[in-house]
Amino acid sequence: MRPALDPQTEQYLNAFKTLHQEEQQLVIRTLAQLAAVEDPCSSDADNFAEALSGRHFNRQERVQIELETLARHFLHRRQLLKESLTAPQVAHLLGTTRQTPHDRVDSQTLLAIRDNGKLRFPAWQFDPTGPDGVMDGFPQVMKALEMSDYAKLNWFTRPNPYLNNLTPAQALKQGQRERVVQEATAAGASQWS
């Protein structure tokens, strides 16, 4: 029989069990890294956190904060991919071969995120009246964004003050192609400055 756990630990354990295998491995690696730090105040990140907050975090607090951060990250990721399509669904939608969605990801004309070993395509990028079945200007924006695919997904779905607080995806759908391309170019360039 398993010993009783406190409610917070029980909640984390239940959340952990809902994660995909890749996500569980990430959590385990992160916890192993935290456990490997002998002096909890030895890293630059810890010193920075202490300078910002004005307090020292012990090992248990650091682990709890890291778990909460990971849980928020996974929840956000799942939310972003909630309305997404598989590669076979995209091929059917576009009337192409099963390989075409993969090729279009490689050529940056479609956005996909690897999730549990499979590509997931956010549904908002598709437009039956757009060129090649996507929103007008989407491929140009994709190529202007010099960042990871996950960062691109976040960028497309986050309200942008320079686009009147529309998300870039919404602005593209409203025909603001040039403005979105300019913002993408600026965002991609800022990743390297």
# chains A, B, ... in the order shown; residues from 1 in each chain; ligands from 1
call {"tool": "closest_atom_pairs", "arguments": {"of": "segment 66-143 of chain A", "to": "segment 28-32 of chain A", "cutoff": "12 Å", "atoms": "only C-alpha atoms", "output": "Markdown table"}}
result
| residue | atom | partner | partner_atom | distance |
| --- | --- | --- | --- | --- |
| A:Glu66 | CA | A:Thr30 | CA | 8.0 |
| A:Leu67 | CA | A:Leu31 | CA | 8.3 |
| A:Thr69 | CA | A:Thr30 | CA | 11.1 |
| A:Leu70 | CA | A:Thr30 | CA | 9.1 |
call {"tool": "closest_atom_pairs", "arguments": {"of": "segment 100-163 of chain A", "to": "segment 89-92 of chain A", "cutoff": "9 Å", "atoms": "only C-alpha atoms", "output": "CSV"}}
result
residue,atom,partner,partner_atom,distance
A:Thr100,CA,A:Ala91,CA,6.7
A:Pro101,CA,A:Ala91,CA,6.2
A:Phe121,CA,A:Val90,CA,7.6
call {"tool": "write_last_selection", "arguments": {"atoms": "C-alpha atoms", "output": "PDB file, in the first residue's frame"}}
result
ATOM      1  CA  THR A 100       2.836  17.106 -48.721  1.00  0.00           C
ATOM      2  CA  PRO A 101       2.094  18.510 -45.230  1.00  0.00           C
ATOM      3  CA  PHE A 121      -1.107  21.665 -37.429  1.00  0.00           C
TER       4      PHE A 121
END
call {"tool": "atom_distance", "arguments": {"atom1": "atom CA of Gly137 of chain A", "atom2": "atom CA of Ala87 of chain A"}}
result
21.5 Å
call {"tool": "atom_distance", "arguments": {"atom1": "atom CA of Lys143 of chain A", "atom2": "atom CA of Glu22 of chain A"}}
result
27.9 Å
call {"tool": "closest_residue", "arguments": {"among": "A:Arg72, A:Lys118, A:His56, A:Arg158", "to": "Thr86 of chain A", "atoms": "only C-alpha atoms"}}
result
A:Lys118
call {"tool": "residues_around", "arguments": {"residues": "Trp155 of chain A", "least_positions_apart": "6", "cutoff": "10 Å", "atoms": "only C-alpha atoms", "output": "ChimeraX atom specification"}}
result
/A:145,147,149,167-169,184,187
call {"tool": "atom_distance", "arguments": {"atom1": "atom CA of Pro131 of chain A", "atom2": "atom CA of Leu111 of chain A"}}
result
15.1 Å
call {"tool": "select_by_dssp", "arguments": {"residues": "segment 102-180 of chain A", "states": "strand (DSSP E or B)", "output": "VMD selection string"}}
result
chain A and resid 113 to 115 118 to 122 126 134 160 166
call {"tool": "closest_residue", "arguments": {"among": "A:Leu119, A:Ile65, A:Leu166, A:Leu172", "to": "Pro139 of chain A", "atoms": "only C-alpha atoms"}}
result
A:Leu172
call {"tool": "residues_around", "arguments": {"residues": "segment 74-76 of chain A", "least_positions_apart": "3", "cutoff": "12 Å", "atoms": "only C-alpha atoms", "output": "PyMOL selection string"}}
result
chain A and resi 15-16+18-20+22-24+26-27+67-71+79-82+115+150+153-154+157-158
call {"tool": "residues_around", "arguments": {"residues": "Thr109 of chain A", "least_positions_apart": "2", "cutoff": "9 Å", "atoms": "only C-alpha atoms", "output": "list in words"}}
result
Asp103, Arg104, Val105, Asp106, Ser107, Leu111, Asp132, Val134, Phe138, Pro139, Gln140, Met142 and Lys143 of chain A
call {"tool": "write_last_selection", "arguments": {"atoms": "N, CA and C atoms", "output": "short mmCIF file (atom, residue, chain, number, x, y, z; two decimals), in the first residue's frame"}}
result
data_model
loop_
_atom_site.label_atom_id
_atom_site.label_comp_id
_atom_site.auth_asym_id
_atom_site.auth_seq_id
_atom_site.Cartn_x
_atom_site.Cartn_y
_atom_site.Cartn_z
N ASP A 103 6.34 18.14 -46.23
CA ASP A 103 7.17 18.95 -47.13
C ASP A 103 6.90 20.44 -46.93
N ARG A 104 5.65 20.79 -46.71
CA ARG A 104 5.30 22.20 -46.52
C ARG A 104 5.79 22.72 -45.18
N VAL A 105 5.87 21.88 -44.19
CA VAL A 105 6.48 22.30 -42.91
C VAL A 105 7.96 22.60 -43.15
N ASP A 106 8.64 21.71 -43.89
CA ASP A 106 10.06 21.90 -44.19
C ASP A 106 10.30 23.18 -44.98
N SER A 107 9.36 23.53 -45.88
CA SER A 107 9.53 24.74 -46.70
C SER A 107 8.92 25.98 -46.03
N LEU A 111 2.65 25.63 -40.57
CA LEU A 111 3.18 25.57 -39.21
C LEU A 111 2.70 24.29 -38.54
N ASP A 132 -2.86 28.24 -51.79
CA ASP A 132 -2.39 26.95 -51.26
C ASP A 132 -3.12 26.52 -49.99
N VAL A 134 -3.99 28.27 -47.31
CA VAL A 134 -3.65 28.95 -46.06
C VAL A 134 -3.99 30.44 -46.19
N PHE A 138 0.58 34.09 -45.21
CA PHE A 138 1.09 33.20 -44.16
C PHE A 138 2.51 32.69 -44.44
N PRO A 139 2.80 32.18 -45.65
CA PRO A 139 4.17 31.71 -45.91
C PRO A 139 5.23 32.81 -45.76
N GLN A 140 4.91 34.04 -46.18
CA GLN A 140 5.87 35.14 -46.05
C GLN A 140 6.14 35.44 -44.58
N MET A 142 5.78 33.31 -42.07
CA MET A 142 6.54 32.17 -41.53
C MET A 142 8.02 32.30 -41.82
N LYS A 143 8.36 32.70 -43.03
CA LYS A 143 9.78 32.81 -43.40
C LYS A 143 10.45 34.00 -42.74
#
